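K.L.:
This is my_file-v2.txt, which holds compact mmCIF, C-alpha atoms:
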```txt
# COMPACT_ATOMS: atom_id res chain seq x y z
CA MET A 10 9.82 1.51 19.32
CA THR A 11 11.29 0.46 15.99
CA GLY A 12 8.64 -0.18 13.34
CA MET A 13 8.97 -2.13 10.10
CA HIS A 14 9.22 1.18 8.23
CA ASP A 15 12.38 2.10 10.16
CA ILE A 16 14.32 -0.87 8.81
CA LYS A 17 17.23 0.22 6.63
CA ILE A 18 18.21 -1.77 3.59
CA ASP A 19 21.85 -2.27 2.70
CA ASN A 20 22.93 -3.27 -0.79
CA SER A 21 26.01 -4.38 -2.65
CA LEU A 22 24.81 -3.18 -6.02
CA LYS A 23 27.89 -1.06 -6.69
CA LEU A 24 30.24 -3.97 -5.97
CA ALA A 25 28.26 -6.34 -8.19
CA ARG A 26 28.09 -3.73 -10.95
CA VAL A 27 31.86 -3.11 -10.87
CA GLU A 28 32.47 -6.88 -10.89
CA LYS A 29 30.54 -6.98 -14.17
CA SER A 30 32.48 -3.96 -15.48
CA LEU A 31 29.31 -1.98 -15.94
CA THR A 32 28.86 1.75 -15.53
CA GLN A 33 25.78 3.16 -13.80
CA SER A 34 24.48 4.26 -17.19
CA GLY A 35 25.12 0.83 -18.70
CA LEU A 36 23.30 -0.96 -15.90
CA ALA A 37 20.50 1.59 -16.05
CA GLU A 38 20.03 1.02 -19.75
CA LEU A 39 19.96 -2.76 -19.33
CA ALA A 40 17.45 -2.47 -16.48
CA GLY A 41 15.30 0.10 -18.28
CA VAL A 42 15.66 2.80 -15.64
CA THR A 43 17.58 6.07 -15.40
CA ARG A 44 21.20 6.40 -14.24
CA GLN A 45 19.94 8.50 -11.34
CA THR A 46 17.79 5.62 -10.09
CA ILE A 47 20.80 3.28 -10.04
CA GLY A 48 22.88 5.98 -8.31
CA LEU A 49 20.22 6.51 -5.64
CA ILE A 50 19.86 2.76 -5.02
CA GLU A 51 23.64 2.44 -4.62
CA ALA A 52 23.66 5.37 -2.20
CA GLY A 53 20.85 3.76 -0.20
CA LYS A 54 18.55 6.72 -0.86
CA TYR A 55 15.91 4.86 -2.84
CA ASN A 56 14.24 1.50 -2.26
CA PRO A 57 13.57 -0.13 -5.62
CA THR A 58 10.50 -2.24 -6.28
CA LEU A 59 10.80 -6.01 -6.05
CA LYS A 60 10.49 -6.17 -9.84
CA LEU A 61 13.53 -3.93 -10.32
CA CYS A 62 15.49 -5.83 -7.64
CA LEU A 63 14.89 -9.08 -9.52
CA ILE A 64 15.83 -7.49 -12.85
CA LEU A 65 19.07 -6.15 -11.33
CA GLY A 66 19.81 -9.58 -9.87
CA LEU A 67 19.25 -11.17 -13.26
CA ILE A 68 21.56 -8.71 -15.03
CA LEU A 69 24.29 -8.97 -12.39
CA ASP A 70 23.96 -12.76 -11.86
CA LYS A 71 23.23 -12.33 -8.18
CA SER A 72 20.43 -13.53 -5.97
CA LEU A 73 18.18 -11.09 -4.15
CA GLU A 74 19.89 -11.87 -0.84
CA GLU A 75 23.32 -11.22 -2.31
CA LEU A 76 22.29 -7.80 -3.55
CA PHE A 77 19.98 -6.58 -0.77
CA ARG A 78 19.93 -7.23 2.94
CA ILE A 79 18.55 -5.65 6.09
CA LYS A 80 21.06 -3.28 7.64
CA GLU A 81 22.29 -4.37 11.06
CA ASP A 82 21.80 -1.89 13.92
CA GLU A 83 24.81 0.34 14.44
CA MET J 30 17.77 13.06 -26.09
CA PHE J 31 14.30 11.70 -27.00
CA LYS J 32 15.36 8.15 -26.07
CA GLU J 33 16.53 9.44 -22.70
CA LEU J 34 13.25 11.27 -22.18
CA PHE J 35 11.28 8.14 -23.10
CA ASN J 36 13.34 5.99 -20.73
CA ALA J 37 12.92 8.54 -17.96
CA SER J 38 9.15 8.38 -18.33
CA GLN J 39 9.30 4.59 -18.00
CA ASP J 40 11.37 4.70 -14.82
CA GLU J 41 9.62 3.38 -11.70
CA ARG J 42 11.02 6.24 -9.61
CA SER J 43 9.39 8.76 -11.94
CA VAL J 44 6.01 7.16 -11.14
CA ILE J 45 6.62 7.68 -7.41
CA VAL J 46 7.86 11.24 -7.94
CA THR J 47 4.83 12.02 -10.13
CA GLY J 48 2.48 10.65 -7.47
CA ARG J 49 4.10 12.66 -4.69
CA CYS J 50 4.10 15.89 -6.71
CA ALA J 51 0.47 15.35 -7.73
CA THR J 52 -0.55 14.81 -4.09
CA VAL J 53 1.33 17.89 -2.84
CA PHE J 54 -0.03 20.15 -5.57
CA LEU J 55 -3.55 18.75 -5.22
CA GLY J 56 -3.39 19.72 -1.54
CA ILE J 57 -2.07 23.20 -2.38
CA THR J 58 -4.77 23.66 -5.06
CA GLN J 59 -7.51 22.62 -2.65
CA ILE J 60 -6.26 25.01 0.06
CA LEU J 61 -6.02 27.88 -2.45
CA LEU J 62 -9.51 27.12 -3.77
CA LEU J 63 -10.82 27.18 -0.20
CA LEU J 64 -9.10 30.52 0.45
CA ALA J 65 -10.52 31.94 -2.80
CA LEU J 66 -13.96 30.74 -1.76
CA LEU J 67 -13.69 32.36 1.68
CA ARG J 68 -12.40 35.60 0.14
CA ARG J 69 -15.27 35.78 -2.34
CA ARG J 70 -17.89 34.93 0.28
CA TYR J 71 -16.73 37.01 3.24
CA LEU J 72 -14.47 39.77 1.85
CA LEU J 73 -16.20 40.47 -1.46
CA ASP J 74 -19.65 39.55 -0.09
CA GLN J 75 -20.56 37.50 -3.14
CA PRO J 76 -23.80 35.51 -2.77
CA THR J 77 -23.62 31.69 -2.67
CA ALA J 78 -25.27 31.55 -6.09
CA GLU J 79 -22.15 33.15 -7.57
CA ILE J 80 -19.63 30.82 -5.97
CA TRP J 81 -21.40 27.48 -6.23
CA ASP J 82 -19.15 26.39 -9.11
CA ILE J 83 -15.98 26.73 -7.01
CA GLN J 84 -17.73 24.97 -4.12
CA ALA J 85 -18.70 22.08 -6.41
CA VAL J 86 -15.17 21.75 -7.83
CA LEU J 87 -13.64 21.81 -4.34
CA LEU J 88 -16.15 19.28 -3.02
CA LEU J 89 -15.60 16.95 -5.97
CA SER J 90 -11.83 17.29 -5.62
CA ILE J 91 -11.74 16.54 -1.87
CA PHE J 92 -14.27 13.70 -1.88
CA GLY J 93 -12.96 12.33 -5.18
CA TYR J 94 -9.41 12.18 -3.80
CA ILE J 95 -10.41 10.57 -0.48
CA GLY J 96 -12.88 8.21 -2.19
CA ALA J 97 -10.42 7.08 -4.86
CA ARG J 98 -7.66 6.47 -2.30
CA LEU J 99 -9.97 4.43 -0.06
CA TYR J 100 -11.40 2.53 -3.05
CA LEU J 101 -7.95 1.60 -4.35
CA TRP J 102 -6.77 0.73 -0.82
CA GLY J 103 -9.65 -1.75 -0.61
CA ALA J 104 -9.32 -2.49 3.10
CA LEU J 105 -12.07 -0.33 4.62
CA PRO J 106 -14.36 -2.23 6.98
CA VAL J 107 -17.65 -2.91 5.18
CA LEU J 108 -20.62 -1.77 7.26
CA SER J 109 -23.50 -4.16 7.94
CA PHE J 110 -27.02 -2.76 7.51
CA LYS J 111 -27.30 -2.45 11.31
CA GLY J 112 -23.90 -0.73 11.47
CA ALA J 113 -24.89 1.70 8.72
CA ILE J 114 -28.14 2.62 10.51
CA LEU J 115 -26.25 3.04 13.79
CA GLY J 116 -23.58 5.15 12.06
CA TYR J 117 -26.25 7.32 10.45
CA LEU J 118 -28.10 7.86 13.72
CA LEU J 119 -24.85 8.76 15.47
CA LEU J 120 -23.72 11.14 12.73
CA ALA J 121 -27.11 12.76 12.07
CA GLY J 122 -27.74 12.96 15.81
CA SER J 123 -24.48 14.77 16.52
CA VAL J 124 -24.87 17.14 13.53
CA THR J 125 -28.50 17.96 14.42
CA GLY J 126 -27.77 18.18 18.15
CA GLY J 127 -24.73 20.40 17.58
CA CYS J 128 -26.64 22.73 15.25
CA LEU J 129 -29.63 22.94 17.60
CA LEU J 130 -27.32 23.79 20.48
CA LEU J 131 -25.40 26.41 18.51
CA LEU J 132 -28.16 27.96 16.38
CA GLY J 133 -31.37 27.08 18.24
CA ILE J 134 -34.53 25.58 16.74
CA PRO J 135 -34.90 26.71 13.10
CA GLU J 136 -38.07 28.10 11.56
CA PRO J 137 -40.18 25.30 10.00
CA SER J 138 -40.25 27.24 6.71
CA ASP J 139 -36.42 27.01 6.52
CA TRP J 140 -36.45 23.20 6.50
CA ALA J 141 -34.74 23.02 3.10
CA SER J 142 -31.63 24.79 4.39
CA THR J 143 -31.65 23.44 7.96
CA TRP J 144 -33.28 20.04 8.61
CA LEU J 145 -32.79 18.64 5.11
CA PRO J 146 -28.98 19.01 4.89
CA ALA J 147 -28.55 17.95 8.54
CA LEU J 148 -30.50 14.73 7.93
CA LEU J 149 -29.63 14.05 4.28
CA GLY J 150 -25.90 14.91 4.51
CA PRO J 151 -25.00 12.09 6.93
CA ALA J 152 -27.14 9.65 4.91
CA ILE J 153 -25.20 10.53 1.73
CA LEU J 154 -21.90 10.21 3.61
CA ILE J 155 -22.81 6.76 5.01
CA CYS J 156 -24.05 5.59 1.59
CA MET J 157 -20.87 6.81 -0.14
CA TYR J 158 -18.70 5.18 2.53
CA SER J 159 -20.57 1.87 2.22
CA LEU J 160 -20.30 1.99 -1.57
CA VAL J 161 -16.57 2.76 -1.57
CA ALA J 162 -15.84 0.14 1.12
CA HIS J 163 -17.87 -2.55 -0.68
CA LEU J 164 -16.57 -1.84 -4.19
CA GLY J 165 -12.97 -1.46 -2.99
CA LYS J 166 -13.08 -4.76 -1.11
CA ARG J 167 -14.71 -6.52 -4.07
CA ARG J 168 -12.02 -5.17 -6.43
CA ILE J 169 -9.15 -6.40 -4.23
CA GLU J 170 -10.79 -9.81 -3.69
CA LYS J 171 -11.27 -10.18 -7.44
CA MET J 172 -7.59 -9.34 -8.00
CA MET J 173 -6.53 -11.86 -5.33
CA LYS J 174 -8.71 -14.58 -6.87
CA ALA J 175 -7.23 -13.90 -10.30
CA GLU J 176 -3.75 -14.56 -8.85
CA GLU J 177 -4.76 -17.99 -7.39
```
Mind converting the file's structure to structure tokens?
P.N.:
Amino acid sequence: MTGMHDIKIDNSLKLARVEKSLTQSGLAELAGVTRQTIGLIEAGKYNPTLKLCLILGLILDKSLEELFRIKEDE
Amino acid sequence: MFKELFNASQDERSVIVTGRCATVFLGITQILLLLALLRRRYLLDQPTAEIWDIQAVLLLSIFGYIGARLYLWGALPVLSFKGAILGYLLLAGSVTGGCLLLLGIPEPSDWASTWLPALLGPAILICMYSLVAHLGKRRIEKMMKAEE
């Protein structure tokens, strides 16, 4: 049985960041986190808090849905 | 360098990492303390009077950790008075019954080390549970009201 905790989250953070011509370090500095945190979010290895998601959306001019979505079953 | 260090300490991921490391090493510390306690008591034959400090620290650490987690969680079912009495009878009954079965009827003169802990221990546990459940629930409800 698939529980709510098994849901994978997909994101287009890297695409949005590149569109804004920002490096991981640049985005990290604007968001007040480390470059590693941005790298892990982009790699899908870390789920950021809602607060950070909203901050990233604000910096990248994207809505929450544009940046993060539930990954479809493969 | 210092700016980087400051930013790193502000990072939300560092809070999660810190929490996980603290939990893992708290567990390891508690297990090692327990092993040290068993070694002192049964290998070195030290009397209980000489190891009570380690026992107290271990007890405080285990119950403090569980209590704080349950308090902050704030979703423990709060026992009614009837439920608490029933819980106490069940707990004290099984502890007393189990001890009587395993160790037989104790000498009346040993009541302080036999009957007293068997009857008082469950009462303390039920009281602590009720306190944590009540205070935790009250804290969360207060926080929810503040958001309205």
K.L.:
For the atom pair CA of Gly103 (chain J) and CA of Pro151 (chain J), what is the interatomic distance in Å to one decimal place?
P.N.:
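Separation of CA of Gly103 (chain J) and CA of Pro151 (chain J): 22.0 Å.
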K.L.:
With all atoms listed in the file as the counted atoms, please give the residues lying no more than 12 Å from Leu31 (chain A), apart from itself and same-chain residues fewer than 4 positions off, as a compact mmCIF listing (two decimals) with C-alpha atoms, keeping the file's coordinate frame.
P.N.:
```txt
# COMPACT_ATOMS: atom_id res chain seq x y z
CA LEU A 22 24.81 -3.18 -6.02
CA LYS A 23 27.89 -1.06 -6.69
CA LEU A 24 30.24 -3.97 -5.97
CA ALA A 25 28.26 -6.34 -8.19
CA ARG A 26 28.09 -3.73 -10.95
CA VAL A 27 31.86 -3.11 -10.87
CA GLY A 35 25.12 0.83 -18.70
CA LEU A 36 23.30 -0.96 -15.90
CA ALA A 37 20.50 1.59 -16.05
CA GLU A 38 20.03 1.02 -19.75
CA LEU A 39 19.96 -2.76 -19.33
CA ALA A 40 17.45 -2.47 -16.48
CA ARG A 44 21.20 6.40 -14.24
CA ILE A 47 20.80 3.28 -10.04
CA LEU A 65 19.07 -6.15 -11.33
CA ILE A 68 21.56 -8.71 -15.03
CA LEU A 69 24.29 -8.97 -12.39
```
K.L.:
Give me, as number ranges by chain, all polymer residues having an atom no more than 12 Å from region 84-93 of chain J, counting only C-alpha atoms and skipping those fewer than 5 positions away in the same chain.
P.N.:
J: 52, 55-67, 69-70, 77-79, 98-101, 153-154, 157-158, 161
K.L.:
Using only C-alpha atoms, find the one residue out of J:Ser109, J:Ser123, J:Gln75, J:Ser43 that sits nearest to chain A.
P.N.:
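For chain A, the nearest of the given residues is J:Ser43.
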K.L.:
Enumerate as a list of chain:residue names the residues belonging to chain A that approach chain J to within 12 Å, with only C-alpha atoms taken into account.
P.N.:
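Every residue meeting the condition is included here: A:Ser34, A:Ala37, A:Glu38, A:Leu39, A:Ala40, A:Gly41, A:Val42, A:Thr43, A:Arg44, A:Gln45, A:Thr46, A:Ile47, A:Gly48, A:Leu49, A:Ile50, A:Lys54, A:Tyr55, A:Asn56, A:Pro57, A:Thr58, A:Leu59, A:Lys60, A:Leu61, A:Cys62.
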K.L.:
Keeping only C-alpha atoms, write the selected residues to a file as a PDB file, in the coordinates of the input.
P.N.:
```
ATOM      1  CA  SER A  34      24.480   4.260 -17.190  1.00  0.00           C
ATOM      2  CA  ALA A  37      20.500   1.590 -16.050  1.00  0.00           C
ATOM      3  CA  GLU A  38      20.030   1.020 -19.750  1.00  0.00           C
ATOM      4  CA  LEU A  39      19.960  -2.760 -19.330  1.00  0.00           C
ATOM      5  CA  ALA A  40      17.450  -2.470 -16.480  1.00  0.00           C
ATOM      6  CA  GLY A  41      15.300   0.100 -18.280  1.00  0.00           C
ATOM      7  CA  VAL A  42      15.660   2.800 -15.640  1.00  0.00           C
ATOM      8  CA  THR A  43      17.580   6.070 -15.400  1.00  0.00           C
ATOM      9  CA  ARG A  44      21.200   6.400 -14.240  1.00  0.00           C
ATOM     10  CA  GLN A  45      19.940   8.500 -11.340  1.00  0.00           C
ATOM     11  CA  THR A  46      17.790   5.620 -10.090  1.00  0.00           C
ATOM     12  CA  ILE A  47      20.800   3.280 -10.040  1.00  0.00           C
ATOM     13  CA  GLY A  48      22.880   5.980  -8.310  1.00  0.00           C
ATOM     14  CA  LEU A  49      20.220   6.510  -5.640  1.00  0.00           C
ATOM     15  CA  ILE A  50      19.860   2.760  -5.020  1.00  0.00           C
ATOM     16  CA  LYS A  54      18.550   6.720  -0.860  1.00  0.00           C
ATOM     17  CA  TYR A  55      15.910   4.860  -2.840  1.00  0.00           C
ATOM     18  CA  ASN A  56      14.240   1.500  -2.260  1.00  0.00           C
ATOM     19  CA  PRO A  57      13.570  -0.130  -5.620  1.00  0.00           C
ATOM     20  CA  THR A  58      10.500  -2.240  -6.280  1.00  0.00           C
ATOM     21  CA  LEU A  59      10.800  -6.010  -6.050  1.00  0.00           C
ATOM     22  CA  LYS A  60      10.490  -6.170  -9.840  1.00  0.00           C
ATOM     23  CA  LEU A  61      13.530  -3.930 -10.320  1.00  0.00           C
ATOM     24  CA  CYS A  62      15.490  -5.830  -7.640  1.00  0.00           C
TER      25      CYS A  62
END
```
K.L.:
Find the axis-aligned box for region 16-19 of chain A, covering all its listed atoms and adding 6 Å on each side, and write its centre and edge lengths in Å to one decimal as lines of an AutoDock Vina configuration file.
P.N.:
```
center_x = 18.1
center_y = -1.0
center_z = 5.8
size_x = 19.5
size_y = 14.5
size_z = 18.1
```
K.L.:
What does the structure give for the distance between CA of Ser142 (chain J) and CA of Ala113 (chain J), in Å to one decimal?
P.N.:
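These atoms are spaced 24.4 Å apart.
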K.L.:
Enter the distance from CA of His163 (chain J) to CA of Gly150 (chain J), in Å, rounded to one decimal.
P.N.:
19.9 Å
K.L.:
Do a neighbour search on Phe77 (chain A) at 7 Å with only C-alpha atoms, toss out local chain neighbours closer than 6 positions, and write the hits as an NGL selection string.
P.N.:
:A and (18-21)
K.L.:
Output region 61-80 of chain A with N, CA and C atoms present, as a tab-separated table (two decimals), in the frame of the given file.
P.N.:
```tsv
chain	number	residue	atom	x	y	z
A	61	LEU	N	12.22	-4.46	-9.92
A	61	LEU	CA	13.53	-3.93	-10.32
A	61	LEU	C	14.66	-4.68	-9.62
A	62	CYS	N	14.47	-5.05	-8.36
A	62	CYS	CA	15.49	-5.83	-7.64
A	62	CYS	C	15.78	-7.13	-8.39
A	63	LEU	N	14.72	-7.80	-8.82
A	63	LEU	CA	14.89	-9.08	-9.52
A	63	LEU	C	15.56	-8.87	-10.88
A	64	ILE	N	15.20	-7.80	-11.55
A	64	ILE	CA	15.83	-7.49	-12.85
A	64	ILE	C	17.32	-7.23	-12.65
A	65	LEU	N	17.66	-6.46	-11.61
A	65	LEU	CA	19.07	-6.15	-11.33
A	65	LEU	C	19.84	-7.43	-11.00
A	66	GLY	N	19.19	-8.30	-10.22
A	66	GLY	CA	19.81	-9.58	-9.87
A	66	GLY	C	20.08	-10.42	-11.11
A	67	LEU	N	19.13	-10.40	-12.02
A	67	LEU	CA	19.25	-11.17	-13.26
A	67	LEU	C	20.40	-10.65	-14.12
A	68	ILE	N	20.50	-9.33	-14.21
A	68	ILE	CA	21.56	-8.71	-15.03
A	68	ILE	C	22.93	-8.96	-14.41
A	69	LEU	N	22.99	-8.87	-13.07
A	69	LEU	CA	24.29	-8.97	-12.39
A	69	LEU	C	24.63	-10.39	-11.93
A	70	ASP	N	23.77	-11.35	-12.27
A	70	ASP	CA	23.96	-12.76	-11.86
A	70	ASP	C	24.08	-12.91	-10.34
A	71	LYS	N	23.23	-12.26	-9.64
A	71	LYS	CA	23.23	-12.33	-8.18
A	71	LYS	C	21.82	-12.63	-7.70
A	72	SER	N	21.76	-13.29	-6.54
A	72	SER	CA	20.43	-13.53	-5.97
A	72	SER	C	19.99	-12.26	-5.22
A	73	LEU	N	18.73	-12.25	-4.87
A	73	LEU	CA	18.18	-11.09	-4.15
A	73	LEU	C	18.93	-10.87	-2.84
A	74	GLU	N	19.21	-11.97	-2.14
A	74	GLU	CA	19.89	-11.87	-0.84
A	74	GLU	C	21.32	-11.36	-0.98
A	75	GLU	N	21.94	-11.69	-2.11
A	75	GLU	CA	23.32	-11.22	-2.31
A	75	GLU	C	23.35	-9.72	-2.58
A	76	LEU	N	22.31	-9.23	-3.21
A	76	LEU	CA	22.29	-7.80	-3.55
A	76	LEU	C	21.73	-6.92	-2.43
A	77	PHE	N	20.65	-7.41	-1.78
A	77	PHE	CA	19.98	-6.58	-0.77
A	77	PHE	C	19.86	-7.33	0.55
A	78	ARG	N	20.11	-6.63	1.62
A	78	ARG	CA	19.93	-7.23	2.94
A	78	ARG	C	19.52	-6.14	3.94
A	79	ILE	N	18.94	-6.60	5.05
A	79	ILE	CA	18.55	-5.65	6.09
A	79	ILE	C	19.80	-5.19	6.83
A	80	LYS	N	19.88	-3.87	6.99
A	80	LYS	CA	21.06	-3.28	7.64
A	80	LYS	C	21.05	-3.61	9.13
```
